[in-house]
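Inspection log for the structure reproduced underneath, given as C-alpha coordinates.
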Amino acid sequence: AFSAVFSVSQSASAAQTCTTVENSRIQSMPGGIPEAQLYMPTCVEALPDHKVRGKASLHWNFINDGQSDFTSKRFASFKVTVRLESRVPGGSDVVVTSKTCDVTNSINTAPTGDLACLTPSATRDPKKQWSGSATAVYDIDGDSKGPITWQLTASPLMG
(Lines give C-alpha, C1' and ligand atoms only; values in the text may rest on other atoms or scores of the structure.)
Protein backbone atom coordinates (compact mmCIF):
# COMPACT_ATOMS: atom_id res chain seq x y z
CA ALA A 1 0.00 0.00 0.00
CA PHE A 2 1.20 3.49 -0.81
CA SER A 3 0.83 6.35 1.60
CA ALA A 4 1.27 9.98 0.59
CA VAL A 5 0.73 13.30 2.26
CA PHE A 6 -0.53 16.11 0.08
CA SER A 7 -0.85 19.71 1.14
CA VAL A 8 -3.41 21.90 -0.52
CA SER A 9 -2.99 24.91 1.71
CA GLN A 10 -0.13 27.32 2.10
CA SER A 11 1.25 28.18 5.50
CA ALA A 12 1.03 31.90 6.12
CA SER A 13 4.49 31.85 7.69
CA ALA A 14 6.28 30.05 4.82
CA ALA A 15 8.32 32.16 2.41
CA GLN A 16 8.87 30.48 -0.94
CA THR A 17 10.78 30.90 -4.17
CA CYS A 18 9.14 29.21 -7.18
CA THR A 19 9.49 28.68 -10.91
CA THR A 20 7.02 30.35 -13.20
CA VAL A 21 5.61 29.24 -16.57
CA GLU A 22 8.43 26.95 -17.75
CA ASN A 23 6.87 23.91 -16.08
CA SER A 24 3.75 23.56 -18.20
CA ARG A 25 2.69 21.30 -21.04
CA ILE A 26 -0.32 20.17 -22.96
CA GLN A 27 -0.43 16.38 -23.21
CA SER A 28 -2.45 14.70 -25.97
CA MET A 29 -4.57 11.77 -24.84
CA PRO A 30 -5.91 8.79 -26.85
CA GLY A 31 -9.50 8.34 -28.01
CA GLY A 32 -12.15 10.76 -26.83
CA ILE A 33 -10.26 11.82 -23.71
CA PRO A 34 -9.56 15.57 -23.85
CA GLU A 35 -5.98 16.80 -23.79
CA ALA A 36 -4.43 17.34 -20.38
CA GLN A 37 -3.23 20.82 -19.48
CA LEU A 38 -0.50 20.35 -16.87
CA TYR A 39 1.30 23.04 -14.86
CA MET A 40 3.78 22.18 -12.11
CA PRO A 41 5.83 24.94 -10.47
CA THR A 42 8.68 23.80 -8.24
CA CYS A 43 9.51 25.71 -5.07
CA VAL A 44 11.79 25.90 -2.10
CA GLU A 45 10.05 27.01 1.10
CA ALA A 46 11.61 28.57 4.18
CA LEU A 47 9.74 27.37 7.25
CA PRO A 48 9.78 28.49 10.89
CA ASP A 49 12.55 27.19 13.19
CA HIS A 50 15.26 27.49 10.48
CA LYS A 51 13.80 24.71 8.34
CA VAL A 52 13.46 24.44 4.57
CA ARG A 53 11.66 22.02 2.21
CA GLY A 54 11.10 21.37 -1.49
CA LYS A 55 7.66 21.52 -3.09
CA ALA A 56 6.10 20.64 -6.45
CA SER A 57 2.51 21.77 -7.05
CA LEU A 58 0.62 19.90 -9.75
CA HIS A 59 -2.30 21.74 -11.37
CA TRP A 60 -4.27 19.91 -14.08
CA ASN A 61 -7.27 20.56 -16.27
CA PHE A 62 -9.05 18.45 -18.89
CA ILE A 63 -11.09 20.73 -21.14
CA ASN A 64 -14.68 19.56 -21.61
CA ASP A 65 -15.81 20.35 -25.15
CA GLY A 66 -19.22 18.76 -24.52
CA GLN A 67 -18.25 15.53 -26.30
CA SER A 68 -15.22 14.49 -24.28
CA ASP A 69 -14.86 11.20 -22.44
CA PHE A 70 -14.54 11.94 -18.70
CA THR A 71 -15.19 8.38 -17.52
CA SER A 72 -12.22 6.48 -18.98
CA LYS A 73 -8.97 6.03 -17.09
CA ARG A 74 -6.48 8.71 -18.17
CA PHE A 75 -3.18 7.55 -16.70
CA ALA A 76 -1.89 4.07 -15.87
CA SER A 77 0.42 5.88 -13.43
CA PHE A 78 1.44 9.43 -12.56
CA LYS A 79 4.18 9.96 -9.96
CA VAL A 80 5.97 13.12 -8.91
CA THR A 81 9.36 13.06 -7.17
CA VAL A 82 10.29 16.34 -5.49
CA ARG A 83 13.77 17.06 -4.15
CA LEU A 84 15.21 19.60 -1.75
CA GLU A 85 18.71 20.48 -2.93
CA SER A 86 21.50 22.55 -1.41
CA ARG A 87 24.80 23.86 -2.69
CA VAL A 88 27.68 25.85 -1.39
CA PRO A 89 28.25 28.99 -3.51
CA GLY A 90 30.06 27.95 -6.68
CA GLY A 91 29.36 24.25 -6.03
CA SER A 92 26.91 21.78 -7.49
CA ASP A 93 23.50 20.70 -6.18
CA VAL A 94 23.29 17.97 -3.56
CA VAL A 95 19.96 16.25 -2.81
CA VAL A 96 19.19 16.70 0.91
CA THR A 97 15.70 15.14 1.07
CA SER A 98 13.20 13.81 -1.46
CA LYS A 99 9.73 12.34 -1.66
CA THR A 100 7.72 10.56 -4.35
CA CYS A 101 3.96 11.15 -4.47
CA ASP A 102 1.63 8.90 -6.46
CA VAL A 103 -1.14 11.16 -7.82
CA THR A 104 -2.60 8.61 -10.26
CA ASN A 105 -5.95 8.18 -8.50
CA SER A 106 -6.49 11.93 -8.04
CA ILE A 107 -5.70 12.90 -11.63
CA ASN A 108 -7.86 10.03 -12.96
CA THR A 109 -10.94 10.92 -10.91
CA ALA A 110 -11.12 14.72 -11.22
CA PRO A 111 -11.27 16.75 -14.46
CA THR A 112 -9.40 19.57 -12.71
CA GLY A 113 -7.32 19.71 -9.55
CA ASP A 114 -4.38 20.93 -7.50
CA LEU A 115 -2.03 18.85 -5.34
CA ALA A 116 1.31 19.55 -3.70
CA CYS A 117 4.09 17.06 -3.07
CA LEU A 118 6.40 18.13 -0.23
CA THR A 119 9.81 16.86 0.83
CA PRO A 120 10.56 16.30 4.49
CA SER A 121 12.01 19.49 5.96
CA ALA A 122 15.72 19.95 6.71
CA THR A 123 17.65 22.40 8.84
CA ARG A 124 18.47 25.50 6.80
CA ASP A 125 22.21 26.15 6.73
CA PRO A 126 22.63 29.88 5.98
CA LYS A 127 26.01 29.19 4.30
CA LYS A 128 24.25 27.24 1.54
CA GLN A 129 21.83 28.05 -1.26
CA TRP A 130 18.64 25.99 -1.51
CA SER A 131 16.35 24.95 -4.35
CA GLY A 132 13.43 22.64 -5.06
CA SER A 133 13.41 20.41 -8.12
CA ALA A 134 11.10 17.69 -9.38
CA THR A 135 10.57 14.98 -11.96
CA ALA A 136 7.20 13.64 -13.08
CA VAL A 137 6.95 10.17 -14.60
CA TYR A 138 3.59 9.30 -16.11
CA ASP A 139 2.19 6.60 -18.34
CA ILE A 140 -0.85 7.46 -20.47
CA ASP A 141 -3.39 4.65 -20.28
CA GLY A 142 -4.05 2.95 -23.61
CA ASP A 143 -1.39 4.64 -25.76
CA SER A 144 1.10 1.69 -25.65
CA LYS A 145 4.06 4.11 -25.50
CA GLY A 146 5.20 3.47 -21.93
CA PRO A 147 6.27 6.00 -19.28
CA ILE A 148 7.08 9.62 -20.12
CA THR A 149 9.67 11.40 -17.98
CA TRP A 150 9.21 15.14 -17.48
CA GLN A 151 12.23 16.88 -15.93
CA LEU A 152 10.91 20.06 -14.38
CA THR A 153 12.84 23.31 -14.16
CA ALA A 154 14.16 23.77 -10.61
CA SER A 155 13.16 26.71 -8.46
CA PRO A 156 15.41 29.76 -8.27
CA LEU A 157 17.98 29.59 -5.48
CA MET A 158 17.10 30.76 -1.99
CA GLY A 159 19.99 32.03 0.13
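Numbering starts fresh at 1 for the residues of each chain in the C-alpha coordinates, the chains themselves are lettered A, B, ... in the order given, and ligands are numbered from 1 as they appear.
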*asked:* Taking 2 positions as the minimum chain separation for residues in the same chain, which residues sit within 8 Å of A:Ala15 when counting only C-alpha atoms? Answer as a ChimeraX atom specification.
replied: /A:13,17,45-47
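The environment of A:Thr109 within 12 Å, counting only C-alpha atoms and disregarding residues fewer than 5 places along the same chain, consists of Trp60, Asn61, Phe62, Phe70, Thr71, Ser72, Lys73, Arg74, Phe75, Val103 and Thr104 of chain A.
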Write out the residues from the selection above, keeping all heavy atoms, as an mmCIF file, in the first residue's frame.
```
data_model
loop_
_atom_site.group_PDB
_atom_site.id
_atom_site.type_symbol
_atom_site.label_atom_id
_atom_site.label_comp_id
_atom_site.auth_asym_id
_atom_site.auth_seq_id
_atom_site.Cartn_x
_atom_site.Cartn_y
_atom_site.Cartn_z
ATOM 1 N N TRP A 60 -3.863 20.524 -12.818
ATOM 2 C CA TRP A 60 -4.272 19.913 -14.083
ATOM 3 C C TRP A 60 -5.687 20.318 -14.437
ATOM 4 O O TRP A 60 -6.472 20.701 -13.591
ATOM 5 C CB TRP A 60 -4.139 18.391 -14.041
ATOM 6 C CG TRP A 60 -5.151 17.685 -13.205
ATOM 7 C CD1 TRP A 60 -6.376 17.229 -13.603
ATOM 8 C CD2 TRP A 60 -5.049 17.358 -11.815
ATOM 9 N NE1 TRP A 60 -7.036 16.632 -12.552
ATOM 10 C CE2 TRP A 60 -6.230 16.707 -11.438
ATOM 11 C CE3 TRP A 60 -4.063 17.563 -10.851
ATOM 12 C CZ2 TRP A 60 -6.455 16.249 -10.152
ATOM 13 C CZ3 TRP A 60 -4.287 17.108 -9.569
ATOM 14 C CH2 TRP A 60 -5.466 16.464 -9.230
ATOM 15 N N ASN A 61 -5.957 20.217 -15.747
ATOM 16 C CA ASN A 61 -7.269 20.561 -16.266
ATOM 17 C C ASN A 61 -7.491 19.774 -17.557
ATOM 18 O O ASN A 61 -6.623 19.746 -18.419
ATOM 19 C CB ASN A 61 -7.345 22.065 -16.543
ATOM 20 C CG ASN A 61 -8.742 22.537 -16.861
ATOM 21 O OD1 ASN A 61 -9.720 21.925 -16.468
ATOM 22 N ND2 ASN A 61 -8.837 23.638 -17.585
ATOM 23 N N PHE A 62 -8.631 19.116 -17.658
ATOM 24 C CA PHE A 62 -9.045 18.453 -18.886
ATOM 25 C C PHE A 62 -10.224 19.256 -19.416
ATOM 26 O O PHE A 62 -11.252 19.371 -18.746
ATOM 27 C CB PHE A 62 -9.475 16.999 -18.614
ATOM 28 C CG PHE A 62 -8.340 16.111 -18.208
ATOM 29 C CD1 PHE A 62 -7.968 15.992 -16.879
ATOM 30 C CD2 PHE A 62 -7.632 15.397 -19.159
ATOM 31 C CE1 PHE A 62 -6.916 15.177 -16.496
ATOM 32 C CE2 PHE A 62 -6.570 14.580 -18.790
ATOM 33 C CZ PHE A 62 -6.220 14.470 -17.454
ATOM 34 N N PHE A 70 -15.050 11.670 -20.048
ATOM 35 C CA PHE A 70 -14.538 11.941 -18.704
ATOM 36 C C PHE A 70 -14.646 10.726 -17.795
ATOM 37 O O PHE A 70 -14.401 10.822 -16.598
ATOM 38 C CB PHE A 70 -15.272 13.132 -18.070
ATOM 39 C CG PHE A 70 -14.702 14.445 -18.506
ATOM 40 C CD1 PHE A 70 -15.266 15.134 -19.560
ATOM 41 C CD2 PHE A 70 -13.588 14.987 -17.879
ATOM 42 C CE1 PHE A 70 -14.734 16.342 -19.987
ATOM 43 C CE2 PHE A 70 -13.051 16.196 -18.295
ATOM 44 C CZ PHE A 70 -13.621 16.871 -19.347
ATOM 45 N N THR A 71 -15.039 9.564 -18.351
ATOM 46 C CA THR A 71 -15.195 8.377 -17.516
ATOM 47 C C THR A 71 -14.039 7.396 -17.662
ATOM 48 O O THR A 71 -13.802 6.597 -16.767
ATOM 49 C CB THR A 71 -16.516 7.666 -17.842
ATOM 50 O OG1 THR A 71 -16.519 7.306 -19.224
ATOM 51 C CG2 THR A 71 -17.711 8.564 -17.533
ATOM 52 N N SER A 72 -13.317 7.426 -18.773
ATOM 53 C CA SER A 72 -12.220 6.485 -18.978
ATOM 54 C C SER A 72 -11.004 6.860 -18.132
ATOM 55 O O SER A 72 -10.774 8.030 -17.819
ATOM 56 C CB SER A 72 -11.806 6.458 -20.450
ATOM 57 O OG SER A 72 -12.832 5.912 -21.239
ATOM 58 N N LYS A 73 -10.228 5.847 -17.814
ATOM 59 C CA LYS A 73 -8.975 6.034 -17.087
ATOM 60 C C LYS A 73 -8.026 6.838 -17.972
ATOM 61 O O LYS A 73 -7.897 6.561 -19.164
ATOM 62 C CB LYS A 73 -8.396 4.657 -16.771
ATOM 63 C CG LYS A 73 -7.157 4.663 -15.932
ATOM 64 C CD LYS A 73 -6.792 3.201 -15.636
ATOM 65 C CE LYS A 73 -5.511 3.099 -14.888
ATOM 66 N NZ LYS A 73 -5.143 1.684 -14.686
ATOM 67 N N ARG A 74 -7.363 7.838 -17.398
ATOM 68 C CA ARG A 74 -6.477 8.707 -18.172
ATOM 69 C C ARG A 74 -5.021 8.262 -18.101
ATOM 70 O O ARG A 74 -4.306 8.284 -19.093
ATOM 71 C CB ARG A 74 -6.595 10.137 -17.646
ATOM 72 C CG ARG A 74 -7.994 10.699 -17.774
ATOM 73 C CD ARG A 74 -8.102 12.058 -17.085
ATOM 74 N NE ARG A 74 -9.475 12.479 -17.077
ATOM 75 C CZ ARG A 74 -10.202 12.665 -15.984
ATOM 76 N NH1 ARG A 74 -9.673 12.500 -14.806
ATOM 77 N NH2 ARG A 74 -11.451 13.028 -16.076
ATOM 78 N N PHE A 75 -4.572 7.911 -16.902
ATOM 79 C CA PHE A 75 -3.175 7.553 -16.699
ATOM 80 C C PHE A 75 -3.072 6.189 -16.032
ATOM 81 O O PHE A 75 -3.777 5.916 -15.059
ATOM 82 C CB PHE A 75 -2.467 8.591 -15.818
ATOM 83 C CG PHE A 75 -2.324 9.934 -16.471
ATOM 84 C CD1 PHE A 75 -3.269 10.934 -16.254
ATOM 85 C CD2 PHE A 75 -1.260 10.207 -17.314
ATOM 86 C CE1 PHE A 75 -3.148 12.171 -16.863
ATOM 87 C CE2 PHE A 75 -1.139 11.445 -17.934
ATOM 88 C CZ PHE A 75 -2.078 12.432 -17.707
ATOM 89 N N VAL A 103 0.088 10.365 -7.651
ATOM 90 C CA VAL A 103 -1.137 11.163 -7.816
ATOM 91 C C VAL A 103 -2.087 10.535 -8.845
ATOM 92 O O VAL A 103 -3.043 11.169 -9.272
ATOM 93 C CB VAL A 103 -0.799 12.631 -8.206
ATOM 94 C CG1 VAL A 103 0.053 13.281 -7.126
ATOM 95 C CG2 VAL A 103 -0.103 12.707 -9.553
ATOM 96 N N THR A 104 -1.832 9.278 -9.208
ATOM 97 C CA THR A 104 -2.605 8.609 -10.256
ATOM 98 C C THR A 104 -4.101 8.646 -9.987
ATOM 99 O O THR A 104 -4.884 9.035 -10.857
ATOM 100 C CB THR A 104 -2.144 7.143 -10.419
ATOM 101 O OG1 THR A 104 -0.724 7.105 -10.550
ATOM 102 C CG2 THR A 104 -2.794 6.496 -11.621
#
```
*Identify, with DSSP run on backbone atoms, the residues in chain A assigned to helix (DSSP H, G or I), and express the list as a ChimeraX atom specification.*
/A:104-109
Store the residues picked out above in a file with N, CA, C and O atoms, as a short mmCIF file (atom, residue, chain, number, x, y, z; two decimals), in the first residue's frame.
```
data_model
loop_
_atom_site.label_atom_id
_atom_site.label_comp_id
_atom_site.auth_asym_id
_atom_site.auth_seq_id
_atom_site.Cartn_x
_atom_site.Cartn_y
_atom_site.Cartn_z
N THR A 104 -1.83 9.28 -9.21
CA THR A 104 -2.60 8.61 -10.26
C THR A 104 -4.10 8.65 -9.99
O THR A 104 -4.88 9.04 -10.86
N ASN A 105 -4.52 8.24 -8.80
CA ASN A 105 -5.95 8.18 -8.50
C ASN A 105 -6.58 9.56 -8.58
O ASN A 105 -7.65 9.72 -9.15
N SER A 106 -5.92 10.57 -8.04
CA SER A 106 -6.49 11.93 -8.04
C SER A 106 -6.66 12.48 -9.45
O SER A 106 -7.70 13.04 -9.78
N ILE A 107 -5.64 12.32 -10.28
CA ILE A 107 -5.70 12.90 -11.63
C ILE A 107 -6.66 12.10 -12.53
O ILE A 107 -7.19 12.64 -13.50
N ASN A 108 -6.91 10.84 -12.18
CA ASN A 108 -7.86 10.03 -12.96
C ASN A 108 -9.31 10.28 -12.56
O ASN A 108 -10.21 9.98 -13.34
N THR A 109 -9.56 10.79 -11.37
CA THR A 109 -10.94 10.92 -10.91
C THR A 109 -11.49 12.34 -10.94
O THR A 109 -12.68 12.54 -10.74
#
```
*Could you pull out the strand (DSSP E or B) residues of chain A from DSSP and send them as a ChimeraX atom specification?*
/A:6,15-18,24-27,36-39,42-47,51-62,75-87,94-102,112-118,122-123,129-140,148-151,158
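Taking only C-alpha atoms, the non-local environment of stretch 135-148 of chain A within 6 Å (same-chain residues fewer than 2 positions away omitted) comprises A:Arg74, A:Phe75, A:Ala76, A:Ser77, A:Phe78, A:Lys79, A:Val80, A:Thr81, A:Trp150, A:Gln151, A:Leu152.
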*Which residues, written as a VMD selection string, have at least one atom at most 10 Å from A:Lys51, with only C-alpha atoms counted and residues fewer than 2 positions away on the same chain left out?*
chain A and resid 14 45 to 49 53 120 to 125
*If you count only C-alpha atoms, which residues fall within 9 Å of stretch 86-89 of chain A, apart from same-chain ones fewer than 3 positions away, as a PyMOL selection string?*
chain A and resi 92-96+125+127-132+157
_Pairwise distance for atom CA of A:Ile63 and atom CA of A:Glu35, rounded to one decimal in Å_ =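 Between atom CA of A:Ile63 and atom CA of A:Glu35 the gap is 7.0 Å.
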